[in-house]
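Q: First the structure, then my questions, so here it is.
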Amino acid sequence: MRNREIPKGLRDFLPDEVKIRRKMEKKALDLFRSYGYKEVRTPTFEYLEVIEAGTCRDIREELFLFIDREGRIVSLRQEMTVGIARMAATHLREAVFPQRLCYIANVFRHVQPQKAQYREFWQMGIELLGASGSRADAEVINIAVETLRTMGLDNFRISLNQIEIFNSLLAESEMTETEKKRVRHLVEKKDLVELARVLNNSHCDDELKETIARLPVLHGGIEVLDQLGKVEKNRRASQAVAELLKVYEDLQAYGVEDYIVIDMGVLRGLDYYTGIVFEGYSSELGYGLLGGGRYDNLLNQFGFACPATGFAIGMDRLALVLEEPDEEPAHYLVGGADWKQVVQKAQALRAQGYMVETDVQTCTREELERKAQQIGNCQVVYLG
Amino acid sequence: MQNDYLTLALCKGNLLRSTLDLLAAVGLPHEGVAGDTRNLVFTFEDAKLKYLMCRPTDVPTYVEQGAADLGIVGKDVIVEQQKDVFELVDLGFGACRFVVAVPEQMKNVRLKDLNYRRVATKFPRVAEEFFRSQGMQVEVIKLHGNIELAPRIGIADMIVDIVSSGRTLRENNLVELAHIMDSTTRLVSNRVSFRTKFDRIEPLVKIMQQKVKKGENP
């Protein structure tokens with residue numbers, strides 16, 4: 001029966017699963033709205049040029065690509081930020097900034113399907129456009145924390161970093177371009193073994209080598225910034241450290257600092273982000289739950305210079321760590337011989353806010369009772 | 001991933017002896033842990049520690065998916081599996097190397113002359129990537145064991161395999177034609193565990209690095 005197959009990495013969602021998703025969506029949208037974020041939608045597929053302009057690196061292997069009838073290459077969206085950046089650069093130039101936008105959307109990536117990794121998956125997130133500075137970063141990070149808490153999660157942490165610390169240390173080192181590229185790749189992958197070897201054979205002073213080797217494993221409270229070693233010689237790096245400190249202070253106003261961990265190993269695809277970056281983890285799941293950060297150059301790729309920051313949460317992963325939702329209130333099954341009476345009774349119950357199914361198969365009272373038992377948490381009203 | 005416990009995936013087989021010696025050297029419990037029993041999980045309540053006994057090729061999967069927080073496994077397996085795990089410490093033992101080997105009578109052949117030939121291997125990704133990096137195309141034949149046999153029975157012209165002493169190659173009249181890369185055993189970590197269990201993992205990394213530096217482990 002090949003006609004029953006669905007493509008690899010895709011899923012059907014049955015009613016119970018959709019119910020959980022809808023609840024998550026509602027909680028998130030209510031929260032986003034309370035901070036002034038307005039929901040937007042962008043096309044499910046875009047021209048490849050748009051996606052590549054946004055991501056600045058070769059991600060074609062991850063994209064679902066096809067060619068439209070005019071011969072242009074299009075790609076299913078692999079995330080929402082690039083689409084929203086393009087949209088804002090086209091339609092929101094005259095708007096009042098900062099603009100606060102949010103979304104819930106399915107996105108597509110050609111990855112190896114496995115637990116917590118699907119080829120079509122759902123993301124929800126926010127973008128704060130047109131505001132630079134630590135307060136904007138703090139607002140976005142706080143909303144990330146609040147979203148997870150609203151979902152009923154408590155055992156999670158947000159890892160926070162400022163990628164300019166690493167970027168500028170690397171940029172101002174005496175390594176060759178090839179070495180820099182290699183180091184960047186290894187730090188992103190956290191291959192500490194190969195990193196140590198490359199640093200050992202590279203041309204830069206020992207102090208800097210030591211700092212770069214230590215960065216991927218610097219992790220802890222705000223005090224780990226003291227262990228950074230010599231960054232004061234590097235103006236950009238020390239500015240970035242000061243900025244990280246400022247964001248942390250601004251987060252304290254929300255009282256969420258207990259969820260925040262400083263983690264110099266968080267880099268998130270170095271080409272895309274320009275400053276503060278963060279990721280969220282729960283100890284219940286071996287994969288990250290959310291990620292985000294500042295991307296001040298992205299909108300400029302579409303001809304509109306505008307600072308921006310945001311995050312996205314993987315809803316499928318979040319669903320894996322959430323508790324079962326509480327029981328729904330009882331619902332009714334209304335039946336009887338007189339159709340008009342049945343309809344009137346059902347409408348009256350619906351008007352009171354109940355979920356009401358009418359029996360459209362003219363069952364007997366006994367048959368309805370049996371059905372109600374199978375459904376569970378269901379009351380029969382039999383008229384006549 | 002279980003919250004209170006630190007879970008390590010260990011390789012049954014060749015690496016186990018050295019792995020247990022390492023655990024002893026860094027002060028982790030290891031009494032009664034063995035690969036030849038039916039027991040696949042060893043729990044140490046006091047130390048809040050669990051060991052999962054796995055086939056080597058499964059270790060990266062266990063760690064990537066978070067079934068284990070840490071794993072001790074050869075680099076050869078890690079590069080072939082290409083799982084998304086953090087590679088924290090080079091433990092030094094279990095040294096071996098990936099090579100291209102050919103039957104003895106072909107020992108004067110140049111690698112370039114083997115373009116478009118067939119290669120038998122347990123490591124199709126490593127083989128594929130190596131030949132591609134040399135600008136060559138080969139037909140990769142994936143086998144699960146006794147790779148040395150493949151040229152003799154005529155299903156491949158050469159093999160890509162891991163070699164430690166080189167004895168198996170010699171016994172099968174094969175000679176090393178090209179060296180692809182070296183491999184040793186590594187400590188790997190799940191991406192999230194490294195963060196959520198940092199306070200337990202980081203000291204372990206430090207002490208293992210020290211032991212390796214001093215050459216105290218076998």
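The chains in the structure tokens are called A, B, ... from first to last as shown; in each chain the residues are counted from 1, and the ligands are counted from 1 in the order shown.
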For chain A, report every residue with an atom at most 10 Å from chain B (counting only C-alpha atoms), formatted as an NGL selection string.

A: :A and (114-116 or 155-159 or 186-196 or 217-220 or 261 or 263 or 265 or 280-289)

Q: Extract, using only C-alpha atoms, all DNA, RNA and protein residues at most 10 Å from Ile262 of chain A, discarding same-chain residues fewer than 2 positions from it, and format them as a short mmCIF file (atom, residue, chain, number, x, y, z; two decimals) with C-alpha atoms, in the first residue's frame.

A:
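And here is the file that came out, around_13.cif:
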```cif
data_model
loop_
_atom_site.label_atom_id
_atom_site.label_comp_id
_atom_site.auth_asym_id
_atom_site.auth_seq_id
_atom_site.Cartn_x
_atom_site.Cartn_y
_atom_site.Cartn_z
CA ILE A 158 19.11 30.17 28.98
CA SER A 159 22.77 30.26 27.90
CA LEU A 160 23.86 33.78 27.05
CA ASN A 161 26.84 35.05 25.09
CA GLN A 162 28.06 37.98 22.98
CA LEU A 218 33.54 29.05 29.96
CA HIS A 219 30.18 28.50 31.55
CA GLY A 220 28.56 29.70 34.75
CA GLY A 221 27.28 32.78 36.55
CA ILE A 222 28.15 36.32 35.53
CA GLU A 223 31.41 35.94 37.48
CA VAL A 224 32.88 33.70 34.74
CA LEU A 225 33.55 36.90 32.82
CA LEU A 244 27.04 41.32 27.94
CA LEU A 245 27.29 42.56 31.50
CA TYR A 248 22.60 40.74 32.35
CA ILE A 260 20.45 32.80 32.89
CA MET A 264 30.99 31.55 25.88
CA GLY A 265 30.49 28.39 23.85
CA VAL A 266 27.16 29.57 22.39
CA PHE A 278 21.32 32.84 23.48
#
```

Q: Output as number ranges by chain all residues of segment 64-165 of chain B that backbone DSSP marks as strand (DSSP E or B).

A: B: 70-74, 86-90, 96-103, 118-121, 139-142, 158-163

Q: Could you pull the residues within 6 Å of segment 75-77 of chain B, counting only C-alpha atoms, minus those fewer than 4 positions along the same chain, as a list of chain:residue names?

A: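 Those residues are B:Thr57, B:Ser183, B:Thr184, B:Thr185.
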
Q: Please save C-alpha atoms of the selected residues as a PDB file, in the first residue's frame.

A:
```pdb
ATOM      1  CA  THR B  57      29.015   2.303  16.686  1.00  0.00           C
ATOM      2  CA  SER B 183      42.357   7.949  15.555  1.00  0.00           C
ATOM      3  CA  THR B 184      42.359   7.631  19.340  1.00  0.00           C
ATOM      4  CA  THR B 185      39.643   7.272  21.933  1.00  0.00           C
TER       5      THR B 185
END
```

Q: Take atom CA of Ile67 of chain A and atom CA of Glu5 of chain A and report the distance between them in Å, one decimal.

A: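 Distance reported for this atom pair: 24.3 Å.
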
Q: Please list as a ChimeraX atom specification every residue within 10 Å of segment 122-135 of chain B, counting only C-alpha atoms and excluding residues in the same chain fewer than 4 positions away.

A: /B:76-77,79-82,98-100,111-112,114-115,139-147,159-162,179-181

Q: At a cut-off of 9 Å, using only C-alpha atoms, what residues contact Trp339 of chain A? Leave out same-chain residues fewer than 5 positions from it and give the result as number ranges by chain.

A: A: 344, 360, 362

Q: Could you write out, as a PyMOL selection string, all the residues of segment 78-316 of chain A that DSSP marks as alpha helix (DSSP H)?

A: chain A and resi 81-91+134-150+163-171+177-189+192-200+206-214+235-252+315-316

Q: Which residue out of A:Thr90, A:Ser134, A:Gln78, A:Gln99 has the minimum interatomic distance to Trp122 of chain A when only C-alpha atoms are used?

A: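 Looking only at the distances to Trp122 of chain A, the closest residue turns out to be A:Gln78.
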
Q: Can you pull out every residue within 9 Å of Ala156 of chain B, counting only C-alpha atoms, but drop anything in the same chain fewer than 2 positions away, and send it as a ChimeraX atom specification?

A: /B:117-120,139-141,150-154,158-159

Q: Store the residues picked out above, limited to C-alpha atoms, as an mmCIF file, in the first residue's frame.

A:
```
data_model
loop_
_atom_site.group_PDB
_atom_site.id
_atom_site.type_symbol
_atom_site.label_atom_id
_atom_site.label_comp_id
_atom_site.auth_asym_id
_atom_site.auth_seq_id
_atom_site.Cartn_x
_atom_site.Cartn_y
_atom_site.Cartn_z
ATOM 1 C CA ARG B 117 37.826 1.495 -8.849
ATOM 2 C CA ARG B 118 35.889 -0.290 -6.138
ATOM 3 C CA VAL B 119 36.698 0.087 -2.460
ATOM 4 C CA ALA B 120 35.349 -2.170 0.294
ATOM 5 C CA GLU B 139 32.584 2.916 -5.968
ATOM 6 C CA VAL B 140 32.177 2.293 -2.240
ATOM 7 C CA ILE B 141 31.048 -1.169 -1.176
ATOM 8 C CA ALA B 150 37.148 -8.349 -0.214
ATOM 9 C CA PRO B 151 40.097 -7.931 -2.634
ATOM 10 C CA ARG B 152 40.939 -11.637 -2.462
ATOM 11 C CA ILE B 153 37.483 -12.744 -3.486
ATOM 12 C CA GLY B 154 37.320 -10.081 -6.148
ATOM 13 C CA MET B 158 41.184 -1.992 -2.440
ATOM 14 C CA ILE B 159 39.961 -1.434 1.091
#
```
